[in-house]
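J.: coords-v9.pdb is reproduced below (PDB, C-alpha atoms and all ligand atoms).
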```pdb
ATOM      1  CA  MET U   1      -5.162  11.897  10.019
ATOM      2  CA  ILE U   2      -6.328  10.224   6.831
ATOM      3  CA  GLU U   3     -10.013   9.878   6.172
ATOM      4  CA  ILE U   4     -11.655   7.882   3.452
ATOM      5  CA  ASN U   5     -15.380   8.442   3.393
ATOM      6  CA  ASN U   6     -18.103   6.416   1.794
ATOM      7  CA  ILE U   7     -16.349   5.203  -1.343
ATOM      8  CA  HIS U   8     -18.560   3.664  -4.002
ATOM      9  CA  LYS U   9     -17.254   2.116  -7.207
ATOM     10  CA  SER U  10     -18.843   0.046  -9.940
ATOM     11  CA  PHE U  11     -17.414  -1.471 -13.079
ATOM     12  CA  SER U  12     -20.439  -1.461 -15.425
ATOM     13  CA  ALA U  13     -23.096  -3.429 -13.570
ATOM     14  CA  ASN U  14     -20.602  -4.868 -11.082
ATOM     15  CA  LYS U  15     -20.825  -2.941  -7.816
ATOM     16  CA  VAL U  16     -17.374  -3.470  -6.329
ATOM     17  CA  LEU U  17     -17.279  -0.960  -3.448
ATOM     18  CA  ASN U  18     -20.392  -0.277  -1.493
ATOM     19  CA  GLY U  19     -19.700   2.659   0.798
ATOM     20  CA  VAL U  20     -16.273   1.961   2.267
ATOM     21  CA  SER U  21     -15.027   4.334   4.983
ATOM     22  CA  LEU U  22     -11.795   4.160   6.938
ATOM     23  CA  LYS U  23      -9.801   6.519   9.148
ATOM     24  CA  LEU U  24      -6.094   6.159   9.862
ATOM     25  CA  ASN U  25      -4.144   8.111  12.426
ATOM     26  CA  LYS U  26      -0.680   9.328  11.551
ATOM     27  CA  GLY U  27       1.791   6.497  12.117
ATOM     28  CA  GLU U  28      -0.871   3.831  12.108
ATOM     29  CA  VAL U  29      -0.487   0.579  10.170
ATOM     30  CA  VAL U  30      -3.741  -0.963   8.989
ATOM     31  CA  ALA U  31      -3.927  -4.337   7.261
ATOM     32  CA  ILE U  32      -6.821  -5.191   4.963
ATOM     33  CA  ILE U  33      -7.684  -8.855   4.656
ATOM     34  CA  GLY U  34     -10.524 -10.582   2.875
ATOM     35  CA  PRO U  35     -11.421 -13.015   0.126
ATOM     36  CA  SER U  36     -10.296 -12.579  -3.451
ATOM     37  CA  GLY U  37     -12.645 -10.321  -5.391
ATOM     38  CA  SER U  38     -13.937  -8.505  -2.303
ATOM     39  CA  GLY U  39     -12.697  -5.136  -3.613
ATOM     40  CA  LYS U  40      -9.454  -4.716  -1.635
ATOM     41  CA  SER U  41      -7.298  -3.655  -4.597
ATOM     42  CA  THR U  42     -10.002  -1.424  -5.999
ATOM     43  CA  PHE U  43     -10.319   0.280  -2.626
ATOM     44  CA  LEU U  44      -6.574   1.015  -2.474
ATOM     45  CA  ARG U  45      -6.603   2.251  -6.063
ATOM     46  CA  CYS U  46      -9.524   4.570  -5.340
ATOM     47  CA  ILE U  47      -7.514   6.299  -2.596
ATOM     48  CA  ASN U  48      -5.069   7.787  -5.100
ATOM     49  CA  PHE U  49      -7.577   7.860  -7.956
ATOM     50  CA  LEU U  50      -5.830   5.174 -10.003
ATOM     51  CA  GLU U  51      -9.483   4.216 -10.162
ATOM     52  CA  LYS U  52     -11.802   7.175  -9.894
ATOM     53  CA  PRO U  53     -14.429   6.474  -7.236
ATOM     54  CA  ASP U  54     -18.035   7.035  -8.344
ATOM     55  CA  GLN U  55     -18.770   8.667  -5.034
ATOM     56  CA  GLY U  56     -16.951   9.439  -1.820
ATOM     57  CA  GLU U  57     -14.286  11.650  -0.336
ATOM     58  CA  ILE U  58     -10.590  11.318   0.480
ATOM     59  CA  VAL U  59      -8.901  13.545   3.059
ATOM     60  CA  ILE U  60      -5.122  13.310   3.329
ATOM     61  CA  GLY U  61      -2.849  15.831   5.011
ATOM     62  CA  GLY U  62      -5.082  18.848   4.484
ATOM     63  CA  ILE U  63      -6.150  17.820   0.984
ATOM     64  CA  ARG U  64      -9.852  17.099   0.693
ATOM     65  CA  VAL U  65     -11.036  15.581  -2.562
ATOM     66  CA  ASN U  66     -14.604  14.751  -3.427
ATOM     67  CA  ALA U  67     -14.912  12.118  -6.154
ATOM     68  CA  GLN U  68     -17.655  13.918  -7.996
ATOM     69  CA  SER U  69     -15.969  17.319  -8.103
ATOM     70  CA  ALA U  70     -12.292  16.300  -8.254
ATOM     71  CA  THR U  71     -10.107  18.448 -10.477
ATOM     72  CA  LYS U  72      -6.827  17.413 -12.136
ATOM     73  CA  GLU U  73      -4.994  19.483  -9.532
ATOM     74  CA  ASP U  74      -6.802  17.593  -6.712
ATOM     75  CA  VAL U  75      -5.740  14.262  -8.193
ATOM     76  CA  TRP U  76      -2.156  15.495  -8.570
ATOM     77  CA  GLN U  77      -2.129  16.569  -4.909
ATOM     78  CA  LEU U  78      -3.509  13.188  -3.809
ATOM     79  CA  ARG U  79      -0.921  11.308  -5.844
ATOM     80  CA  LYS U  80       1.840  13.436  -4.312
ATOM     81  CA  ALA U  81       0.630  12.639  -0.802
ATOM     82  CA  THR U  82       0.497   8.890  -1.400
ATOM     83  CA  ALA U  83       2.790   6.202  -2.742
ATOM     84  CA  MET U  84       1.848   2.751  -3.900
ATOM     85  CA  VAL U  85       3.673  -0.561  -3.797
ATOM     86  CA  PHE U  86       2.292  -3.138  -6.196
ATOM     87  CA  GLN U  87       2.429  -6.918  -6.341
ATOM     88  CA  SER U  88       4.607  -6.795  -9.415
ATOM     89  CA  TYR U  89       7.408  -4.422  -8.676
ATOM     90  CA  ASN U  90       6.982  -2.122 -11.685
ATOM     91  CA  LEU U  91      10.610  -1.016 -11.678
ATOM     92  CA  PHE U  92      12.210   0.638 -14.681
ATOM     93  CA  LYS U  93      14.200  -2.199 -16.251
ATOM     94  CA  ASN U  94      16.765   0.130 -17.798
ATOM     95  CA  LYS U  95      17.542   1.920 -14.535
ATOM     96  CA  THR U  96      19.681   0.756 -11.633
ATOM     97  CA  ALA U  97      18.364   0.345  -8.087
ATOM     98  CA  ILE U  98      19.467   3.837  -7.089
ATOM     99  CA  GLU U  99      18.144   5.376 -10.312
ATOM    100  CA  ASN U 100      14.761   3.737  -9.745
ATOM    101  CA  ILE U 101      14.559   5.355  -6.319
ATOM    102  CA  MET U 102      15.792   8.719  -7.616
ATOM    103  CA  GLU U 103      13.296   8.786 -10.476
ATOM    104  CA  PRO U 104      10.267  10.185  -8.607
ATOM    105  CA  LEU U 105      12.494  12.714  -6.819
ATOM    106  CA  LEU U 106      13.902  14.024 -10.081
ATOM    107  CA  VAL U 107      10.771  13.824 -12.202
ATOM    108  CA  VAL U 108       7.949  14.567  -9.763
ATOM    109  CA  GLN U 109       9.724  16.683  -7.186
ATOM    110  CA  LYS U 110      12.282  18.253  -9.571
ATOM    111  CA  MET U 111      14.949  17.788  -6.942
ATOM    112  CA  PRO U 112      18.609  18.549  -7.797
ATOM    113  CA  LEU U 113      20.562  15.426  -8.786
ATOM    114  CA  LEU U 114      22.952  15.396  -5.844
ATOM    115  CA  GLU U 115      20.202  15.802  -3.263
ATOM    116  CA  ALA U 116      18.156  13.030  -4.899
ATOM    117  CA  ARG U 117      21.212  10.766  -4.914
ATOM    118  CA  ASN U 118      21.834  11.372  -1.197
ATOM    119  CA  ILE U 119      18.235  10.616  -0.282
ATOM    120  CA  ALA U 120      18.240   7.498  -2.458
ATOM    121  CA  MET U 121      21.441   6.263  -0.791
ATOM    122  CA  ASP U 122      19.898   6.719   2.624
ATOM    123  CA  ILE U 123      16.808   4.796   1.502
ATOM    124  CA  LEU U 124      18.860   1.968   0.022
ATOM    125  CA  GLU U 125      20.427   1.610   3.488
ATOM    126  CA  GLN U 126      16.963   1.460   5.055
ATOM    127  CA  VAL U 127      15.829  -1.335   2.748
ATOM    128  CA  GLY U 128      19.165  -3.146   3.158
ATOM    129  CA  LEU U 129      20.336  -2.732  -0.423
ATOM    130  CA  ALA U 130      23.196  -0.231  -0.241
ATOM    131  CA  ASP U 131      25.498  -2.781  -1.889
ATOM    132  CA  LYS U 132      23.068  -3.259  -4.804
ATOM    133  CA  ARG U 133      22.979   0.430  -5.620
ATOM    134  CA  ASP U 134      24.171   0.052  -9.197
ATOM    135  CA  SER U 135      22.438  -3.232 -10.029
ATOM    136  CA  TYR U 136      19.759  -3.396 -12.706
ATOM    137  CA  PRO U 137      16.456  -5.093 -11.785
ATOM    138  CA  SER U 138      17.336  -8.143 -13.908
ATOM    139  CA  LYS U 139      20.279  -8.786 -11.572
ATOM    140  CA  LEU U 140      18.154  -8.554  -8.411
ATOM    141  CA  SER U 141      15.998 -11.261  -6.822
ATOM    142  CA  GLY U 142      12.246 -10.698  -6.609
ATOM    143  CA  GLY U 143      12.619  -9.827  -2.932
ATOM    144  CA  GLN U 144      15.334  -7.289  -3.678
ATOM    145  CA  GLN U 145      13.277  -5.772  -6.497
ATOM    146  CA  GLN U 146      10.314  -5.393  -4.192
ATOM    147  CA  ARG U 147      12.554  -3.733  -1.592
ATOM    148  CA  VAL U 148      13.593  -1.235  -4.280
ATOM    149  CA  GLY U 149       9.868  -0.772  -4.974
ATOM    150  CA  ILE U 150       9.282   0.014  -1.305
ATOM    151  CA  GLY U 151      12.298   2.341  -1.352
ATOM    152  CA  ARG U 152      10.854   4.210  -4.302
ATOM    153  CA  ALA U 153       7.592   4.663  -2.383
ATOM    154  CA  LEU U 154       9.481   5.912   0.670
ATOM    155  CA  ALA U 155      11.600   8.354  -1.322
ATOM    156  CA  VAL U 156       8.813  10.823  -1.922
ATOM    157  CA  ASN U 157       8.116  11.051   1.805
ATOM    158  CA  PRO U 158       4.393  10.376   1.398
ATOM    159  CA  GLU U 159       1.685  10.855   4.017
ATOM    160  CA  ILE U 160       0.733   7.219   3.477
ATOM    161  CA  ILE U 161       2.090   4.194   1.633
ATOM    162  CA  LEU U 162      -0.498   1.901   0.058
ATOM    163  CA  LEU U 163       0.754  -1.658  -0.398
ATOM    164  CA  ASP U 164      -1.253  -4.152  -2.424
ATOM    165  CA  GLU U 165      -0.201  -7.717  -1.574
ATOM    166  CA  PRO U 166       3.470  -6.733  -1.697
ATOM    167  CA  THR U 167       4.717 -10.288  -1.231
ATOM    168  CA  SER U 168       2.250 -12.341  -3.226
ATOM    169  CA  ALA U 169       4.388 -12.509  -6.390
ATOM    170  CA  LEU U 170       7.454 -13.709  -4.469
ATOM    171  CA  ASP U 171       8.883 -17.171  -4.005
ATOM    172  CA  PRO U 172       8.203 -18.243  -0.406
ATOM    173  CA  GLU U 173      11.840 -17.959   0.657
ATOM    174  CA  LEU U 174      11.911 -14.276  -0.378
ATOM    175  CA  VAL U 175       8.777 -13.184   1.463
ATOM    176  CA  GLY U 176      10.478 -12.758   4.848
ATOM    177  CA  GLU U 177      13.025 -10.134   3.781
ATOM    178  CA  VAL U 178      10.283  -7.935   2.309
ATOM    179  CA  LEU U 179       8.022  -8.317   5.341
ATOM    180  CA  ASP U 180      10.987  -7.411   7.560
ATOM    181  CA  VAL U 181      11.501  -4.151   5.674
ATOM    182  CA  ILE U 182       7.802  -3.314   6.025
ATOM    183  CA  LYS U 183       7.902  -4.175   9.735
ATOM    184  CA  ARG U 184      10.839  -1.831  10.221
ATOM    185  CA  LEU U 185       8.860   0.970   8.570
ATOM    186  CA  ALA U 186       5.929   0.161  10.846
ATOM    187  CA  GLU U 187       8.205   0.446  13.870
ATOM    188  CA  LYS U 188       9.249   3.872  12.604
ATOM    189  CA  HIS U 189       5.555   4.816  12.415
ATOM    190  CA  MET U 190       5.248   5.191   8.679
ATOM    191  CA  THR U 191       1.516   5.371   7.992
ATOM    192  CA  MET U 192       0.634   2.339   5.874
ATOM    193  CA  LEU U 193      -2.423   0.606   4.498
ATOM    194  CA  ILE U 194      -1.498  -2.924   3.473
ATOM    195  CA  VAL U 195      -3.601  -5.466   1.651
ATOM    196  CA  THR U 196      -2.115  -8.811   2.579
ATOM    197  CA  HIS U 197      -2.853 -12.480   2.813
ATOM    198  CA  GLU U 198       0.071 -12.993   5.202
ATOM    199  CA  MET U 199      -1.984 -13.361   8.363
ATOM    200  CA  ARG U 200       0.928 -13.779  10.728
ATOM    201  CA  PHE U 201       2.508 -10.616   9.364
ATOM    202  CA  ALA U 202      -0.809  -8.738   9.662
ATOM    203  CA  LYS U 203      -1.026  -9.885  13.263
ATOM    204  CA  ASP U 204       2.555  -8.820  14.069
ATOM    205  CA  ALA U 205       2.895  -5.584  12.120
ATOM    206  CA  ALA U 206      -0.535  -3.968  12.012
ATOM    207  CA  ASN U 207      -2.147  -1.812  14.684
ATOM    208  CA  ARG U 208      -5.545  -2.623  13.247
ATOM    209  CA  ILE U 209      -7.039  -5.231  10.935
ATOM    210  CA  VAL U 210      -9.878  -4.553   8.546
ATOM    211  CA  PHE U 211     -11.848  -7.439   7.070
ATOM    212  CA  MET U 212     -13.492  -6.704   3.713
ATOM    213  CA  ASP U 213     -16.066  -8.832   1.978
ATOM    214  CA  ASP U 214     -18.314  -8.083  -0.940
ATOM    215  CA  GLY U 215     -17.315  -4.430  -1.279
ATOM    216  CA  ARG U 216     -17.773  -3.506   2.361
ATOM    217  CA  ILE U 217     -15.804  -3.366   5.551
ATOM    218  CA  VAL U 218     -17.470  -6.111   7.531
ATOM    219  CA  GLU U 219     -15.400  -5.846  10.682
ATOM    220  CA  GLU U 220     -12.354  -4.076  12.070
ATOM    221  CA  GLY U 221     -10.422  -4.327  15.290
ATOM    222  CA  SER U 222      -7.070  -4.850  16.905
ATOM    223  CA  PRO U 223      -5.208  -7.925  15.636
ATOM    224  CA  PHE U 224      -5.895  -9.619  18.943
ATOM    225  CA  GLU U 225      -9.646  -8.907  18.858
ATOM    226  CA  LEU U 226     -10.135  -9.782  15.254
ATOM    227  CA  PHE U 227      -8.052 -12.935  15.120
ATOM    228  CA  SER U 228      -9.013 -14.376  18.479
ATOM    229  CA  SER U 229     -12.664 -13.436  18.678
ATOM    230  CA  PRO U 230     -14.121 -12.286  15.354
ATOM    231  CA  LYS U 231     -17.626 -10.953  15.816
ATOM    232  CA  ASN U 232     -18.927 -11.444  12.309
ATOM    233  CA  ILE U 233     -19.590 -14.916  10.965
ATOM    234  CA  ARG U 234     -18.017 -14.060   7.606
ATOM    235  CA  THR U 235     -14.795 -12.949   9.322
ATOM    236  CA  ALA U 236     -14.761 -16.141  11.362
ATOM    237  CA  LYS U 237     -15.286 -18.267   8.270
ATOM    238  CA  PHE U 238     -12.537 -16.479   6.335
ATOM    239  CA  LEU U 239     -10.053 -16.829   9.201
ATOM    240  CA  ASN U 240     -10.983 -20.441   9.588
ATOM    241  CA  ASP U 241     -10.418 -21.022   5.868
ATOM    242  CA  VAL U 242      -6.960 -19.421   6.020
ATOM    243  CA  ARG U 243      -6.283 -21.312   9.250
ATOM    244  CA  VAL U 244      -4.966 -18.700  11.640
ATOM    245  CA  CYS U 245      -7.444 -19.049  14.480
TER     246      CYS U 245
HETATM  247  N1  LIG D   1     -10.477  -2.423 -14.007
HETATM  248  C1  LIG D   1     -11.496  -3.252 -13.786
HETATM  249  N2  LIG D   1     -12.479  -3.418 -14.689
HETATM  250  C2  LIG D   1     -13.521  -4.235 -14.448
HETATM  251  N3  LIG D   1     -13.692  -4.945 -13.318
HETATM  252  C3  LIG D   1     -12.742  -4.822 -12.377
HETATM  253  C4  LIG D   1     -11.598  -3.971 -12.549
HETATM  254  N4  LIG D   1     -10.836  -4.047 -11.423
HETATM  255  C5  LIG D   1     -11.465  -4.904 -10.599
HETATM  256  N5  LIG D   1     -12.607  -5.365 -11.156
HETATM  257  C6  LIG D   1     -13.549  -6.297 -10.535
HETATM  258  O1  LIG D   1     -13.816  -5.814  -9.240
HETATM  259  C7  LIG D   1     -13.983  -6.882  -8.317
HETATM  260  C8  LIG D   1     -13.038  -6.688  -7.139
HETATM  261  O2  LIG D   1     -11.704  -6.805  -7.586
HETATM  262  P1  LIG D   1     -10.463  -6.430  -6.689
HETATM  263  O3  LIG D   1     -10.629  -5.054  -6.177
HETATM  264  O4  LIG D   1      -9.259  -6.727  -7.513
HETATM  265  O5  LIG D   1     -10.598  -7.467  -5.481
HETATM  266  P2  LIG D   1      -9.492  -8.068  -4.510
HETATM  267  O6  LIG D   1      -8.291  -7.195  -4.578
HETATM  268  O7  LIG D   1     -10.170  -8.092  -3.177
HETATM  269  O8  LIG D   1      -9.225  -9.460  -4.999
HETATM  270  C9  LIG D   1     -13.752  -8.154  -9.105
HETATM  271  O9  LIG D   1     -15.011  -8.667  -9.473
HETATM  272  C10 LIG D   1     -12.995  -7.679 -10.314
HETATM  273  O10 LIG D   1     -13.225  -8.497 -11.408
HETATM  274 MG    MG D   2      -6.317  -7.591  -5.076
END
```
Represent the structure from my file as structure tokens, please.
T.:
Amino acid sequence: MIEINNIHKSFSANKVLNGVSLKLNKGEVVAIIGPSGSGKSTFLRCINFLEKPDQGEIVIGGIRVNAQSATKEDVWQLRKATAMVFQSYNLFKNKTAIENIMEPLLVVQKMPLLEARNIAMDILEQVGLADKRDSYPSKLSGGQQQRVGIGRALAVNPEIILLDEPTSALDPELVGEVLDVIKRLAEKHMTMLIVTHEMRFAKDAANRIVFMDDGRIVEEGSPFELFSSPKNIRTAKFLNDVRVC
């Protein structure tokens, strides 16, 4: 069980998160949707303290961290329990696909080389890139790079993977292969929190949809409930604007 309680975050006078709370069961896939600027990225980044929340509490796999009293060790533990996939893939340009996946195993987990290599090979299979093992990012398509990015997140065997619009930097024809990899992880019950504007994907892959607006969770429900009969007028308007109803 992952619990995020009452997160508040401001940037100077701009109150971006206004008491956001969310619980995820192990193996659950939750999609966050909502208008640009509603605080979705900031919320994800607060979960692993890439942004330090002003207030609130994160509970992941037996680690309980209060924003106001968090120590360096707490933040380290949180980062170890989570992995993040960004819009821009953030791969090491001077490392091959397999080396990019091995990196966190060697550096963070101090795993022996051979063991790290075996795990990375297995993960490359899972993301469908075994044949690109020795390719550098510059020789991979955007979709392939993002699949390496997802592989790198998987490698550390996190309690939860946080994905922030993982397909929004991709050319349209490359979106599908990345969504397919994420769907496969969902089927294997990897716990994931995914910010996405791919409504069809959210509908197909998520167990639950959360609609955020103006720094709050306005509504949450099953994909069926939320897409077919949104209860809040702001949810209805957003869905209407993105034309999925
Ligand atoms: N590092 C930052 N410094 C200052 N303002 C920020 C920072 N990150 C986000 N914001 C502001 O927080 C608000 C929410 O941004 P964000 O979380 O990126 O929303 P979303 O992901 O829903 O588009 C925006 O007004 C944005 O300008
Ligand atoms: Mg964002």
J.: Using the chain letters and numbers from this file, what does the PyMOL selection byres (((chain U and resi 133) around 10) and not hetatm) select? Give the answer as a list of chain:residue names.
T.: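 The output of the PyMOL selection byres (((chain U and resi 133) around 10) and not hetatm) on this file is U:Thr96, U:Ala97, U:Ile98, U:Glu99, U:Asn100, U:Ile101, U:Ala120, U:Met121, U:Leu124, U:Glu125, U:Leu129, U:Ala130, U:Asp131, U:Lys132, U:Asp134, U:Ser135, U:Tyr136, U:Val148.
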J.: Around all listed atoms of ligand LIG 1 (chain D), padded 6 Å per side, what centre and edge lengths does the axis-aligned box have in Å to one decimal, as JSON?
T.:
```
{"center_x": -11.7, "center_y": -5.9, "center_z": -8.9, "size_x": 18.7, "size_y": 19.0, "size_z": 23.5}
```
J.: At a cut-off of 8 Å around ligand MG 2 (chain D), and using only C-alpha atoms and all ligand atoms, what residues come up? Please write them as a ChimeraX atom specification.
T.: /U:36-37,39-42,164-165,195
J.: Which residues are near stretch 177-182 of chain U? Cut-off 9 Å, all atoms listed in the file, ignore same chain within fewer than 4 positions. Put them as a PyMOL selection string.
T.: chain U and resi 126-128+143-144+146-147+150+166-167+173+186-187+201+205
J.: Mind pulling up the distance from atom CA of U:Asp54 to atom CA of U:Lys9?
T.: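 Separating atom CA of U:Lys9 from atom CA of U:Asp54 is a distance of 5.1 Å.
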J.: For a quick check of understanding, using all atoms listed in the file, which of U:Gly19, U:Gly27, U:Gly56, U:Gly34 has the smallest distance to ligand LIG 1 (chain D)?
T.: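 That would be U:Gly34, the residue with the smallest distance to ligand LIG 1 (chain D).
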J.: Tell me which residues the PyMOL selection byres (((chain U and resi 72-76) around 10) and not hetatm) grabs here, as a compact mmCIF listing (two decimals) with C-alpha atoms, keeping the file's coordinate frame.
T.:
```
# COMPACT_ATOMS: atom_id res chain seq x y z
CA ILE U 47 -7.51 6.30 -2.60
CA ASN U 48 -5.07 7.79 -5.10
CA PHE U 49 -7.58 7.86 -7.96
CA LEU U 50 -5.83 5.17 -10.00
CA LYS U 52 -11.80 7.18 -9.89
CA ILE U 63 -6.15 17.82 0.98
CA ARG U 64 -9.85 17.10 0.69
CA VAL U 65 -11.04 15.58 -2.56
CA ASN U 66 -14.60 14.75 -3.43
CA ALA U 67 -14.91 12.12 -6.15
CA SER U 69 -15.97 17.32 -8.10
CA ALA U 70 -12.29 16.30 -8.25
CA THR U 71 -10.11 18.45 -10.48
CA GLN U 77 -2.13 16.57 -4.91
CA LEU U 78 -3.51 13.19 -3.81
CA ARG U 79 -0.92 11.31 -5.84
CA LYS U 80 1.84 13.44 -4.31
CA ALA U 81 0.63 12.64 -0.80
```
J.: Which one is closest to ligand LIG 1 (chain D): U:Val107, U:Val175, U:Leu163, U:Ile119? Count only C-alpha atoms and all ligand atoms.
T.: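 So, comparing all the options, the nearest one is U:Leu163.
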J.: Mind dumping a table of every stretch 68-145 of chain U residue within 10 Å of stretch 188-193 of chain U, with the nearest atom pair and its distance in Å to one decimal, using all atoms listed in the file, sorted by chain and rising number, as a Markdown table?
T.:
```
| residue | atom | partner | partner_atom | distance |
| --- | --- | --- | --- | --- |
| U:Thr82 | CA | U:Met192 | CA | 9.8 |
| U:Ala83 | CA | U:Met192 | CA | 9.7 |
| U:Met84 | CA | U:Leu193 | CA | 9.7 |
```
